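So the structure is just underneath, and the comments pick up after that.
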Amino acid sequence: MTTDATPLLEVKHVRKTFGSVVAIDDVSMNVWEGKTAAIVGDNGAGKSTLIKVLTGVHQPDDGQILMEGKPVRFPSPTSAKDQGIEVLFQDLALVNDLTIWQNVFLGRELVRGEPVGFQRKRAMTEKASEMLAALDVDLPPASTRVRRLSGGQRQAVAIGRAVGWNARLTIMDEPTAALGVRERLEVESLIEQLRGEGRTFLIISHNFEQVMRLSDEIWVMRQGNVVGHRKTEETTADELVALITGAKSSDARFHVSNPTVGSR
Amino acid sequence: MTASPGTAPVDPQRGMLRRLTGASWFGDVAIVFAFIALMLVGGLLSDVFLTPRNLTSIAVASSILIVVAIGQTLVIITAGIDLSVGSLMMLSGVMVGVAVKNDLGVPVGIVMGIGAAAALGAVNGLVITKGKISDFIATLGMMSIALGIGQVISGARPVTIIDAGMTALATGSLGPFRWIVLVSVVVAVVAHILLFNTRFGTYLLATGGNFEGSRDLGIRVDSVKVRAYLISGTLAGLGGVMLTSRIGSAEPTAGPPYLLTAIAATVLGGVSLFGGRGTILGPVIGALILTALLNLMTILGVGVLFQPIVVGIVVIGFAIAYRFRQ
């Protein structure tokens, strides 16, 4: 159990460089259990690098990552999964010519007869069906190829996979960037549903309206650093734009219309 | 998505054929019908074509191509291509010849032949994944290297192999079926099970279908590719042994032509050269069609020089037809 004083995930002074390029200078932030944190920032602010550090793709040069107060290391994507960190990748990481159930179980198949590894197809189909049925989303049978799904349905499968494995923290990298308006709203309502169930999310998004609707707190990154931390209910899209661009809030040149109320 | 809350029940109504082919229905069944049509047309045009004797001859001639094409298929499914299979076949046959010549015996020769081809197949995979070289270039290089090794150790001369066991592989039968045909059937069945019923099969399809995504999910995509090339090399080695058994000698020029025919059989079988989709049944039928087509043309007196034109048109025609499947 997490006490009130210990965040589920804590990032302390993490730094990551690629050669002479400083992708993350010095980032500290945290995510509380049952809450949704968002990271916003311009292109090149270091959001993606931070995500890759948190998912075991990149190793930080410096700094610490803690889960429930305990230091953890993610030398590989599998080790992040082992700690309960799942990712909804921006490109979804779905394989079109595999079925829904194969995609849900990709990389963690149920097999018998090791080392050959015969797939327990029926068990996997049933379990995948169960996991996806928990989402309030209309999907075809789990034996359907992902190629046949709509954009929103694909997103739902990927989200179902990213929350369905008893994930303690689900990181979502631009969860609706590639979707049309209607499908984006459907996916947002799915995320709302999962937030209501007490799931913990870390969302990276360019879409301020979405961030304002879907998050509890917001971390703003600029040039590899965290330059702002706000409770979502206490900030506005204008202020976020000012933080992201480095302009002062009062003279923000980029006003976002209708900043607080989304059209849900 | 706004309709009734969805459930995704187990779908028990997948058709038998669809299950066999494991991919979209129309595209993959089309080749089966094309094969049946070819056999019927052949039967109408020729009295000899559908006789047991001629069918056996088609099956024997196809068996080597089937084995090599299956290895090629597994590589192509990972979005790769193995241009070295023809040379590896040749090298494998030459190894058998060398073993026999040096009184090591045929079994040792077979192990040496298949082992050498398998090892060089694994080298293909390692060069591609560790050296970060395109599949095309790496296996093009290996095509030349394996050919050269084979020429050096054979002196580019055929080695006649007089061995009862070796000949029996091609000419002996179990019931009505030649041993060499049974070998290809076993390879096909095992490959089908591997592709559609094991975790590794799924990883082959996933690696070819979405390389980056599969890697992000923790699949060791490099290892999957190395193993695919290892299998392709092994099957090319086996194909070389089968070929040597069929022609009775280790023939340095006999293997290489199989490269293009194996790729043609794979394309006929509906395997996507972009990776991620394919079956085993498809390339098997593809190999049967190519072989039966050549056989029929020969029976009908179509000149040998003219035949490649027909084969090329058929391959391209199928490739165009596959563009229209789902």
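Chain lettering (A, B, ...) mirrors the order of the structure tokens, residue numbering begins at 1 for each chain separately, and ligand numbering begins at 1 in order of display.
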
> What residues in chain A lie within 8 Å of chain B, counting only C-alpha atoms, written as a ChimeraX atom specification?
Replying inline: /A:57,76-78,91-98,102,106-107,109,111,116-119,122,125-126,129-130,132-133,135-143,152-153,186

Keeping N, CA, C and O atoms for every residue in the selection just given, could you write it to a file as a compact mmCIF listing (two decimals), in the first residue's frame?
```
# COMPACT_ATOMS: atom_id res chain seq x y z
N VAL A 57 13.74 1.57 -22.03
CA VAL A 57 14.35 1.63 -23.36
C VAL A 57 15.71 2.33 -23.29
O VAL A 57 16.68 1.90 -23.88
N SER A 76 15.70 -3.08 -19.00
CA SER A 76 15.08 -3.52 -20.25
C SER A 76 13.57 -3.27 -20.17
O SER A 76 13.03 -3.09 -19.08
N PRO A 77 12.88 -3.26 -21.32
CA PRO A 77 11.42 -3.08 -21.29
C PRO A 77 10.72 -4.11 -20.40
O PRO A 77 9.73 -3.80 -19.74
N THR A 78 11.25 -5.33 -20.39
CA THR A 78 10.63 -6.38 -19.59
C THR A 78 10.71 -6.05 -18.10
O THR A 78 9.78 -6.33 -17.34
N ASP A 91 2.54 4.71 -31.35
CA ASP A 91 2.12 3.99 -32.56
C ASP A 91 1.37 2.71 -32.22
O ASP A 91 1.15 1.87 -33.07
N LEU A 92 1.02 2.55 -30.96
CA LEU A 92 0.20 1.44 -30.43
C LEU A 92 0.91 0.10 -30.37
O LEU A 92 0.52 -0.76 -29.61
N ALA A 93 1.96 -0.10 -31.16
CA ALA A 93 2.69 -1.37 -31.17
C ALA A 93 1.76 -2.56 -31.37
O ALA A 93 1.88 -3.59 -30.73
N LEU A 94 0.80 -2.40 -32.29
CA LEU A 94 -0.07 -3.52 -32.65
C LEU A 94 0.46 -4.16 -33.92
O LEU A 94 1.06 -3.49 -34.76
N VAL A 95 0.24 -5.46 -34.06
CA VAL A 95 0.63 -6.16 -35.29
C VAL A 95 -0.64 -6.45 -36.08
O VAL A 95 -1.49 -7.23 -35.63
N ASN A 96 -0.78 -5.83 -37.24
CA ASN A 96 -2.03 -5.86 -38.00
C ASN A 96 -2.52 -7.24 -38.36
O ASN A 96 -3.71 -7.50 -38.35
N ASP A 97 -1.61 -8.13 -38.72
CA ASP A 97 -2.05 -9.43 -39.20
C ASP A 97 -2.16 -10.48 -38.10
O ASP A 97 -2.42 -11.64 -38.38
N LEU A 98 -1.98 -10.05 -36.87
CA LEU A 98 -2.28 -10.94 -35.76
C LEU A 98 -3.67 -10.59 -35.22
O LEU A 98 -4.18 -9.50 -35.45
N GLN A 102 -3.93 -12.29 -29.90
CA GLN A 102 -2.47 -12.42 -30.06
C GLN A 102 -1.77 -11.11 -29.72
O GLN A 102 -0.69 -11.10 -29.14
N LEU A 106 0.89 -10.44 -26.79
CA LEU A 106 2.19 -10.39 -27.45
C LEU A 106 3.31 -10.13 -26.44
O LEU A 106 3.30 -9.15 -25.72
N GLY A 107 4.28 -11.05 -26.42
CA GLY A 107 5.40 -10.90 -25.49
C GLY A 107 5.16 -11.55 -24.14
O GLY A 107 6.06 -11.58 -23.31
N GLU A 109 2.91 -14.62 -23.91
CA GLU A 109 2.02 -15.71 -24.31
C GLU A 109 1.89 -16.78 -23.22
O GLU A 109 2.83 -17.04 -22.48
N VAL A 111 1.84 -20.53 -22.72
CA VAL A 111 2.26 -21.68 -23.51
C VAL A 111 2.39 -22.91 -22.64
O VAL A 111 2.45 -22.82 -21.41
N VAL A 116 9.50 -25.58 -26.60
CA VAL A 116 8.88 -25.25 -27.88
C VAL A 116 7.86 -24.14 -27.69
O VAL A 116 7.81 -23.18 -28.45
N GLY A 117 7.05 -24.25 -26.64
CA GLY A 117 6.10 -23.19 -26.36
C GLY A 117 4.86 -23.24 -27.24
O GLY A 117 4.61 -22.35 -28.04
N PHE A 118 4.07 -24.34 -27.10
CA PHE A 118 2.80 -24.40 -27.82
C PHE A 118 1.83 -23.42 -27.18
O PHE A 118 1.68 -23.38 -25.96
N GLN A 119 1.18 -22.64 -28.02
CA GLN A 119 0.30 -21.60 -27.50
C GLN A 119 -0.98 -22.20 -26.95
O GLN A 119 -1.59 -23.06 -27.58
N ARG A 122 -6.93 -21.23 -26.69
CA ARG A 122 -8.26 -21.04 -26.11
C ARG A 122 -8.17 -20.21 -24.83
O ARG A 122 -8.93 -19.26 -24.64
N THR A 125 -7.47 -16.66 -25.77
CA THR A 125 -8.63 -16.00 -26.37
C THR A 125 -9.64 -15.62 -25.29
O THR A 125 -10.17 -14.49 -25.27
N GLU A 126 -9.87 -16.55 -24.38
CA GLU A 126 -10.86 -16.27 -23.33
C GLU A 126 -10.41 -15.15 -22.41
O GLU A 126 -11.17 -14.24 -22.08
N SER A 129 -10.61 -11.85 -24.18
CA SER A 129 -12.00 -11.43 -24.28
C SER A 129 -12.47 -10.81 -22.97
O SER A 129 -13.12 -9.77 -22.94
N GLU A 130 -12.10 -11.48 -21.90
CA GLU A 130 -12.47 -11.03 -20.56
C GLU A 130 -11.89 -9.63 -20.26
O GLU A 130 -12.59 -8.73 -19.81
N LEU A 132 -10.92 -7.36 -22.32
CA LEU A 132 -11.47 -6.29 -23.16
C LEU A 132 -12.94 -6.05 -22.85
O LEU A 132 -13.44 -4.94 -23.03
N ALA A 133 -13.62 -7.10 -22.38
CA ALA A 133 -15.03 -6.91 -22.04
C ALA A 133 -15.17 -5.96 -20.86
O ALA A 133 -16.19 -5.30 -20.69
N LEU A 135 -13.70 -3.29 -20.58
CA LEU A 135 -13.75 -1.93 -21.12
C LEU A 135 -15.13 -1.71 -21.72
O LEU A 135 -15.69 -2.60 -22.32
N ASP A 136 -15.63 -0.52 -21.58
CA ASP A 136 -16.96 -0.25 -22.09
C ASP A 136 -16.86 0.12 -23.58
O ASP A 136 -17.16 1.23 -23.98
N VAL A 137 -16.42 -0.83 -24.36
CA VAL A 137 -16.12 -0.56 -25.77
C VAL A 137 -16.64 -1.70 -26.62
O VAL A 137 -16.55 -2.86 -26.23
N ASP A 138 -17.20 -1.38 -27.77
CA ASP A 138 -17.72 -2.40 -28.66
C ASP A 138 -16.61 -2.93 -29.56
O ASP A 138 -16.09 -2.22 -30.40
N LEU A 139 -16.26 -4.20 -29.34
CA LEU A 139 -15.19 -4.80 -30.13
C LEU A 139 -15.68 -6.10 -30.76
O LEU A 139 -16.52 -6.78 -30.18
N PRO A 140 -15.17 -6.45 -31.94
CA PRO A 140 -15.49 -7.75 -32.53
C PRO A 140 -14.82 -8.87 -31.72
O PRO A 140 -14.05 -8.59 -30.82
N PRO A 141 -15.12 -10.15 -32.07
CA PRO A 141 -14.52 -11.26 -31.32
C PRO A 141 -12.99 -11.17 -31.28
O PRO A 141 -12.38 -10.62 -32.19
N ALA A 142 -12.42 -11.73 -30.22
CA ALA A 142 -10.97 -11.62 -30.00
C ALA A 142 -10.17 -12.35 -31.07
O ALA A 142 -8.97 -12.14 -31.19
N SER A 143 -10.83 -13.18 -31.88
CA SER A 143 -10.11 -13.88 -32.94
C SER A 143 -10.03 -13.05 -34.22
O SER A 143 -9.51 -13.50 -35.22
N GLY A 152 -10.41 3.75 -33.46
CA GLY A 152 -10.77 3.77 -32.04
C GLY A 152 -10.71 2.39 -31.42
O GLY A 152 -10.28 2.22 -30.27
N GLN A 153 -11.11 1.39 -32.20
CA GLN A 153 -11.07 0.02 -31.68
C GLN A 153 -9.63 -0.44 -31.48
O GLN A 153 -9.31 -1.12 -30.50
N GLU A 186 -14.24 9.01 -27.93
CA GLU A 186 -14.52 7.66 -27.42
C GLU A 186 -13.37 7.16 -26.55
O GLU A 186 -13.58 6.58 -25.49
```

>> To test your reading of the structure, identify every residue in stretch 102-294 of chain B that backbone DSSP assigns to alpha helix (DSSP H), and report it as a ChimeraX atom specification.
In response: /B:106-130,135-154,164-171,179-197,199-209,211-216,221-247,258-268,281-294

> Within 10 Å of stretch 161-168 of chain A, counting only C-alpha atoms, which residues qualify if same-chain residues fewer than 4 places away don't, as a ChimeraX atom specification?
Replying inline: /A:8-9,33-34,81-89,92,100-101,103-106,127-128,130-132,134-135,155-157,172,194,199-201

What does the file look like for those residues with N, CA, C and O atoms, as a short mmCIF file (atom, residue, chain, number, x, y, z; two decimals), in the first residue's frame?
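The result, stored in again.cif:
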```cif
data_model
loop_
_atom_site.label_atom_id
_atom_site.label_comp_id
_atom_site.auth_asym_id
_atom_site.auth_seq_id
_atom_site.Cartn_x
_atom_site.Cartn_y
_atom_site.Cartn_z
N LEU A 8 3.57 6.79 -5.93
CA LEU A 8 3.77 5.48 -6.57
C LEU A 8 5.07 5.51 -7.37
O LEU A 8 5.90 4.62 -7.26
N LEU A 9 5.24 6.56 -8.14
CA LEU A 9 6.45 6.70 -8.94
C LEU A 9 7.11 8.03 -8.64
O LEU A 9 6.44 9.05 -8.58
N GLU A 33 -0.56 7.31 -6.68
CA GLU A 33 -1.42 6.16 -6.98
C GLU A 33 -2.88 6.62 -7.11
O GLU A 33 -3.38 7.42 -6.32
N GLY A 34 -3.54 6.09 -8.15
CA GLY A 34 -4.95 6.40 -8.36
C GLY A 34 -5.19 7.74 -9.03
O GLY A 34 -6.33 8.15 -9.24
N LYS A 81 8.00 -3.72 -17.09
CA LYS A 81 6.74 -4.47 -16.99
C LYS A 81 6.66 -5.22 -15.67
O LYS A 81 5.61 -5.28 -15.03
N ASP A 82 7.80 -5.82 -15.28
CA ASP A 82 7.82 -6.59 -14.03
C ASP A 82 7.47 -5.73 -12.83
O ASP A 82 6.98 -6.21 -11.83
N GLN A 83 7.77 -4.43 -12.93
CA GLN A 83 7.44 -3.51 -11.84
C GLN A 83 6.02 -2.97 -11.98
O GLN A 83 5.61 -2.12 -11.19
N GLY A 84 5.29 -3.43 -13.00
CA GLY A 84 3.91 -2.99 -13.15
C GLY A 84 3.75 -1.73 -13.97
O GLY A 84 2.71 -1.08 -13.91
N ILE A 85 4.78 -1.37 -14.72
CA ILE A 85 4.66 -0.21 -15.60
C ILE A 85 4.36 -0.68 -17.01
O ILE A 85 5.13 -1.41 -17.62
N GLU A 86 3.19 -0.30 -17.50
CA GLU A 86 2.80 -0.66 -18.86
C GLU A 86 2.73 0.61 -19.70
O GLU A 86 2.54 1.70 -19.18
N VAL A 87 2.89 0.44 -21.00
CA VAL A 87 2.92 1.60 -21.87
C VAL A 87 1.90 1.48 -22.98
O VAL A 87 1.75 0.41 -23.57
N LEU A 88 1.20 2.57 -23.25
CA LEU A 88 0.44 2.68 -24.48
C LEU A 88 1.32 3.47 -25.42
O LEU A 88 1.48 4.68 -25.28
N PHE A 89 1.95 2.77 -26.38
CA PHE A 89 2.89 3.44 -27.28
C PHE A 89 2.14 4.33 -28.25
O PHE A 89 1.01 4.04 -28.63
N LEU A 92 1.02 2.55 -30.96
CA LEU A 92 0.20 1.44 -30.43
C LEU A 92 0.91 0.10 -30.37
O LEU A 92 0.52 -0.76 -29.61
N ILE A 100 -6.72 -10.04 -32.29
CA ILE A 100 -6.81 -9.22 -31.09
C ILE A 100 -6.14 -9.94 -29.92
O ILE A 100 -5.32 -9.38 -29.21
N TRP A 101 -6.48 -11.22 -29.74
CA TRP A 101 -5.92 -11.92 -28.57
C TRP A 101 -4.41 -12.08 -28.69
O TRP A 101 -3.70 -12.00 -27.69
N ASN A 103 -2.40 -10.00 -30.07
CA ASN A 103 -1.81 -8.70 -29.75
C ASN A 103 -1.86 -8.44 -28.24
O ASN A 103 -0.92 -7.90 -27.68
N VAL A 104 -2.97 -8.81 -27.62
CA VAL A 104 -3.08 -8.59 -26.17
C VAL A 104 -1.99 -9.37 -25.44
O VAL A 104 -1.39 -8.89 -24.48
N PHE A 105 -1.69 -10.58 -25.94
CA PHE A 105 -0.73 -11.44 -25.25
C PHE A 105 0.69 -11.34 -25.82
O PHE A 105 1.57 -12.09 -25.41
N LEU A 106 0.89 -10.44 -26.79
CA LEU A 106 2.19 -10.39 -27.45
C LEU A 106 3.31 -10.13 -26.44
O LEU A 106 3.30 -9.15 -25.72
N LYS A 127 -9.14 -15.20 -22.02
CA LYS A 127 -8.63 -14.19 -21.10
C LYS A 127 -8.63 -12.80 -21.77
O LYS A 127 -9.00 -11.80 -21.16
N ALA A 128 -8.24 -12.78 -23.05
CA ALA A 128 -8.23 -11.49 -23.77
C ALA A 128 -9.65 -10.95 -23.89
O ALA A 128 -9.89 -9.75 -23.70
N GLU A 130 -12.10 -11.48 -21.90
CA GLU A 130 -12.47 -11.03 -20.56
C GLU A 130 -11.89 -9.63 -20.26
O GLU A 130 -12.59 -8.73 -19.81
N MET A 131 -10.59 -9.49 -20.56
CA MET A 131 -9.93 -8.22 -20.29
C MET A 131 -10.58 -7.08 -21.06
O MET A 131 -10.77 -5.99 -20.54
N LEU A 132 -10.92 -7.36 -22.32
CA LEU A 132 -11.47 -6.29 -23.16
C LEU A 132 -12.94 -6.05 -22.85
O LEU A 132 -13.44 -4.94 -23.03
N ALA A 134 -14.13 -5.87 -20.03
CA ALA A 134 -14.16 -4.96 -18.88
C ALA A 134 -14.14 -3.50 -19.34
O ALA A 134 -14.51 -2.61 -18.59
N LEU A 135 -13.70 -3.29 -20.58
CA LEU A 135 -13.75 -1.93 -21.12
C LEU A 135 -15.13 -1.71 -21.72
O LEU A 135 -15.69 -2.60 -22.32
N GLN A 155 -7.15 1.49 -30.79
CA GLN A 155 -6.70 2.19 -29.58
C GLN A 155 -7.21 1.47 -28.33
O GLN A 155 -6.48 1.32 -27.35
N ALA A 156 -8.47 1.01 -28.41
CA ALA A 156 -9.06 0.33 -27.25
C ALA A 156 -8.32 -0.97 -26.94
O ALA A 156 -8.07 -1.29 -25.77
N VAL A 157 -7.95 -1.70 -27.99
CA VAL A 157 -7.19 -2.95 -27.77
C VAL A 157 -5.86 -2.63 -27.11
O VAL A 157 -5.44 -3.28 -26.14
N MET A 172 0.82 6.70 -21.09
CA MET A 172 0.19 6.84 -22.40
C MET A 172 0.86 7.96 -23.17
O MET A 172 0.78 9.12 -22.79
N LEU A 194 -11.61 4.39 -16.85
CA LEU A 194 -10.52 3.70 -16.13
C LEU A 194 -10.01 4.55 -14.97
O LEU A 194 -9.62 4.03 -13.93
N ARG A 199 -7.45 3.70 -11.60
CA ARG A 199 -6.20 3.44 -12.30
C ARG A 199 -5.25 4.63 -12.21
O ARG A 199 -5.69 5.77 -12.09
N THR A 200 -3.97 4.33 -12.29
CA THR A 200 -2.95 5.38 -12.27
C THR A 200 -2.39 5.57 -13.68
O THR A 200 -1.98 4.60 -14.31
N PHE A 201 -2.40 6.83 -14.14
CA PHE A 201 -1.91 7.10 -15.49
C PHE A 201 -0.87 8.21 -15.49
O PHE A 201 -0.90 9.11 -14.65
#
```

>> Using Å and a single decimal, report how far atom CA of B:Gly248 sits from atom CA of B:Ile162.
In response: 7.2 Å

> Could you name the residues that touch B:Met242 at 10 Å or less, counting only C-alpha atoms, but leaving out those on the same chain fewer than 3 positions away, as a list of chain:residue names?
Replying inline: B:Val60, B:Ser63, B:Ile64, B:Leu65, B:Val67, B:Met89, B:Ser92, B:Gly93, B:Ile110, B:Met166, B:Thr167, B:Leu169, B:Ala170, B:Trp179, B:Ile180, B:Val181, B:Val183, B:Ser184, B:Ala236, B:Gly237, B:Leu238, B:Gly239, B:Ser245, B:Arg246, B:Ile247, B:Gly248

Filtering to N, CA, C and O atoms, could you give me those residues as an mmCIF file, in the first residue's frame?
```
data_model
loop_
_atom_site.group_PDB
_atom_site.id
_atom_site.type_symbol
_atom_site.label_atom_id
_atom_site.label_comp_id
_atom_site.auth_asym_id
_atom_site.auth_seq_id
_atom_site.Cartn_x
_atom_site.Cartn_y
_atom_site.Cartn_z
ATOM 1 N N VAL B 60 7.809 -35.672 -56.568
ATOM 2 C CA VAL B 60 9.240 -35.801 -56.289
ATOM 3 C C VAL B 60 9.978 -34.521 -56.676
ATOM 4 O O VAL B 60 10.787 -33.989 -55.916
ATOM 5 N N SER B 63 9.246 -31.731 -54.194
ATOM 6 C CA SER B 63 9.577 -31.897 -52.776
ATOM 7 C C SER B 63 10.778 -31.044 -52.363
ATOM 8 O O SER B 63 10.766 -30.413 -51.297
ATOM 9 N N ILE B 64 11.795 -30.983 -53.223
ATOM 10 C CA ILE B 64 12.997 -30.212 -52.892
ATOM 11 C C ILE B 64 12.655 -28.722 -52.833
ATOM 12 O O ILE B 64 13.009 -28.014 -51.895
ATOM 13 N N LEU B 65 11.909 -28.290 -53.848
ATOM 14 C CA LEU B 65 11.507 -26.879 -53.900
ATOM 15 C C LEU B 65 10.660 -26.516 -52.682
ATOM 16 O O LEU B 65 10.815 -25.436 -52.105
ATOM 17 N N VAL B 67 10.724 -27.766 -49.641
ATOM 18 C CA VAL B 67 11.553 -27.644 -48.439
ATOM 19 C C VAL B 67 12.300 -26.299 -48.426
ATOM 20 O O VAL B 67 12.313 -25.578 -47.428
ATOM 21 N N MET B 89 22.402 -24.816 -50.727
ATOM 22 C CA MET B 89 22.018 -26.155 -51.224
ATOM 23 C C MET B 89 23.213 -26.814 -51.905
ATOM 24 O O MET B 89 23.521 -27.975 -51.673
ATOM 25 N N SER B 92 25.882 -27.805 -49.429
ATOM 26 C CA SER B 92 25.484 -28.987 -48.676
ATOM 27 C C SER B 92 25.706 -30.267 -49.490
ATOM 28 O O SER B 92 26.263 -31.255 -49.000
ATOM 29 N N GLY B 93 25.294 -30.219 -50.757
ATOM 30 C CA GLY B 93 25.490 -31.387 -51.621
ATOM 31 C C GLY B 93 26.958 -31.718 -51.796
ATOM 32 O O GLY B 93 27.358 -32.890 -51.735
ATOM 33 N N ILE B 110 25.791 -36.136 -44.652
ATOM 34 C CA ILE B 110 24.518 -35.415 -44.496
ATOM 35 C C ILE B 110 24.605 -34.445 -43.315
ATOM 36 O O ILE B 110 24.208 -33.285 -43.412
ATOM 37 N N MET B 166 21.466 -43.408 -49.998
ATOM 38 C CA MET B 166 21.297 -42.085 -50.587
ATOM 39 C C MET B 166 20.325 -42.133 -51.775
ATOM 40 O O MET B 166 19.450 -41.275 -51.907
ATOM 41 N N THR B 167 20.459 -43.150 -52.590
ATOM 42 C CA THR B 167 19.577 -43.291 -53.745
ATOM 43 C C THR B 167 18.157 -43.630 -53.293
ATOM 44 O O THR B 167 17.180 -43.163 -53.884
ATOM 45 N N LEU B 169 16.555 -42.589 -50.809
ATOM 46 C CA LEU B 169 15.803 -41.412 -50.389
ATOM 47 C C LEU B 169 14.929 -40.902 -51.526
ATOM 48 O O LEU B 169 13.768 -40.556 -51.338
ATOM 49 N N ALA B 170 15.492 -40.884 -52.746
ATOM 50 C CA ALA B 170 14.752 -40.343 -53.883
ATOM 51 C C ALA B 170 13.893 -41.388 -54.576
ATOM 52 O O ALA B 170 12.841 -41.075 -55.116
ATOM 53 N N TRP B 179 10.078 -41.604 -50.309
ATOM 54 C CA TRP B 179 10.664 -41.064 -49.084
ATOM 55 C C TRP B 179 10.902 -39.557 -49.169
ATOM 56 O O TRP B 179 10.636 -38.796 -48.253
ATOM 57 N N ILE B 180 11.417 -39.148 -50.336
ATOM 58 C CA ILE B 180 11.773 -37.740 -50.513
ATOM 59 C C ILE B 180 10.528 -36.842 -50.402
ATOM 60 O O ILE B 180 10.589 -35.729 -49.884
ATOM 61 N N VAL B 181 9.397 -37.392 -50.862
ATOM 62 C CA VAL B 181 8.141 -36.636 -50.757
ATOM 63 C C VAL B 181 7.691 -36.570 -49.303
ATOM 64 O O VAL B 181 7.250 -35.524 -48.809
ATOM 65 N N VAL B 183 9.566 -36.606 -46.730
ATOM 66 C CA VAL B 183 10.406 -35.631 -46.022
ATOM 67 C C VAL B 183 9.806 -34.228 -46.158
ATOM 68 O O VAL B 183 9.676 -33.482 -45.183
ATOM 69 N N SER B 184 9.384 -33.891 -47.385
ATOM 70 C CA SER B 184 8.847 -32.545 -47.586
ATOM 71 C C SER B 184 7.515 -32.378 -46.854
ATOM 72 O O SER B 184 7.211 -31.301 -46.345
ATOM 73 N N ALA B 236 17.729 -25.289 -46.478
ATOM 74 C CA ALA B 236 18.474 -25.269 -47.737
ATOM 75 C C ALA B 236 19.470 -26.427 -47.748
ATOM 76 O O ALA B 236 19.653 -27.098 -48.769
ATOM 77 N N GLY B 237 20.111 -26.675 -46.594
ATOM 78 C CA GLY B 237 21.030 -27.807 -46.482
ATOM 79 C C GLY B 237 20.322 -29.124 -46.732
ATOM 80 O O GLY B 237 20.809 -29.984 -47.476
ATOM 81 N N LEU B 238 19.140 -29.270 -46.128
ATOM 82 C CA LEU B 238 18.345 -30.479 -46.340
ATOM 83 C C LEU B 238 17.964 -30.610 -47.813
ATOM 84 O O LEU B 238 18.054 -31.693 -48.407
ATOM 85 N N GLY B 239 17.562 -29.469 -48.402
ATOM 86 C CA GLY B 239 17.219 -29.468 -49.829
ATOM 87 C C GLY B 239 18.395 -29.910 -50.683
ATOM 88 O O GLY B 239 18.224 -30.646 -51.663
ATOM 89 N N SER B 245 20.610 -36.621 -53.686
ATOM 90 C CA SER B 245 20.045 -37.959 -53.740
ATOM 91 C C SER B 245 19.291 -38.170 -55.046
ATOM 92 O O SER B 245 19.362 -39.225 -55.671
ATOM 93 N N ARG B 246 18.592 -37.136 -55.489
ATOM 94 C CA ARG B 246 17.754 -37.281 -56.688
ATOM 95 C C ARG B 246 18.596 -37.382 -57.951
ATOM 96 O O ARG B 246 18.282 -38.176 -58.842
ATOM 97 N N ILE B 247 19.651 -36.569 -58.065
ATOM 98 C CA ILE B 247 20.430 -36.630 -59.304
ATOM 99 C C ILE B 247 21.623 -37.567 -59.202
ATOM 100 O O ILE B 247 22.332 -37.780 -60.171
ATOM 101 N N GLY B 248 21.861 -38.143 -58.003
ATOM 102 C CA GLY B 248 22.887 -39.166 -57.888
ATOM 103 C C GLY B 248 24.304 -38.648 -57.825
ATOM 104 O O GLY B 248 25.246 -39.409 -57.805
#
```

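As for atom CA of A:Asn225 and atom CA of A:Pro175, they are spaced 22.7 Å apart.
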
> Given the choices A:Leu214, A:Ile39, A:His58, A:Ala177, which gets closest to A:Glu192 if the distance is worked out from only C-alpha atoms?
Replying inline: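 Ranking A:Leu214, A:Ile39, A:His58, A:Ala177 by distance to A:Glu192, first place goes to A:Leu214.
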
For the strand (DSSP E) assignment from backbone DSSP, which residues of stretch 46-229 of chain B qualify? Please present them as a compact mmCIF listing (two decimals) with N, CA and C atoms, in the first residue's frame.
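This is the output file part_21.txt:
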```
# COMPACT_ATOMS: atom_id res chain seq x y z
N VAL B 159 30.62 -34.72 -57.98
CA VAL B 159 31.09 -35.93 -57.31
C VAL B 159 29.95 -36.95 -57.37
N THR B 160 30.18 -38.05 -58.08
CA THR B 160 29.14 -39.07 -58.16
C THR B 160 29.06 -39.83 -56.84
N SER B 173 10.23 -46.07 -51.58
CA SER B 173 8.89 -45.63 -51.22
C SER B 173 8.45 -46.23 -49.90
N LEU B 174 7.56 -45.54 -49.25
CA LEU B 174 6.82 -46.09 -48.12
C LEU B 174 5.39 -46.16 -48.60
N PHE B 177 4.17 -43.69 -51.39
CA PHE B 177 4.84 -42.38 -51.32
C PHE B 177 6.36 -42.51 -51.26
N ARG B 178 7.01 -41.76 -52.11
CA ARG B 178 8.46 -41.73 -52.09
C ARG B 178 8.95 -41.10 -50.79
```

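Residues in contact with A:Val53 at 9 Å, where only C-alpha atoms are counted and same-chain residues fewer than 4 positions away are skipped, are listed as Val14, Lys16, Ser48, Thr49, Val57, His58, Gln59, Pro60 and Phe74 of chain A.
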
>> With only C-alpha atoms as the counted atoms, please give the residues lying no more than 8 Å from stretch 298-314 of chain B, apart from itself and same-chain residues fewer than 3 positions off, as a ChimeraX atom specification.
In response: /B:45-46,48-49,290,293-295,317-318

> Between B:Gly141, B:Gly282, B:Gly172, B:Gly165, which has the minimum distance to B:Gly105 (counting only C-alpha atoms)?
Replying inline: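 Ranked by minimum distance to B:Gly105, first place goes to B:Gly165.
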
Residues at most 8 Å from B:Met95, counting only C-alpha atoms, excluding those fewer than 5 positions away in the same chain, as a short mmCIF file (atom, residue, chain, number, x, y, z; two decimals) with N, CA and C atoms, in the first residue's frame?
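Saved as result_7.cif:
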```
data_model
loop_
_atom_site.label_atom_id
_atom_site.label_comp_id
_atom_site.auth_asym_id
_atom_site.auth_seq_id
_atom_site.Cartn_x
_atom_site.Cartn_y
_atom_site.Cartn_z
N GLY B 109 28.27 -37.32 -44.04
CA GLY B 109 28.16 -36.31 -45.09
C GLY B 109 26.90 -35.48 -44.95
N ILE B 110 25.79 -36.14 -44.65
CA ILE B 110 24.52 -35.42 -44.50
C ILE B 110 24.60 -34.45 -43.31
N MET B 112 27.32 -33.16 -42.07
CA MET B 112 28.24 -32.07 -42.44
C MET B 112 27.56 -31.07 -43.37
N GLY B 113 26.83 -31.59 -44.34
CA GLY B 113 26.17 -30.72 -45.32
C GLY B 113 25.13 -29.82 -44.68
N GLY B 150 31.94 -23.88 -51.83
CA GLY B 150 31.55 -25.11 -52.50
C GLY B 150 32.45 -25.42 -53.69
#
```
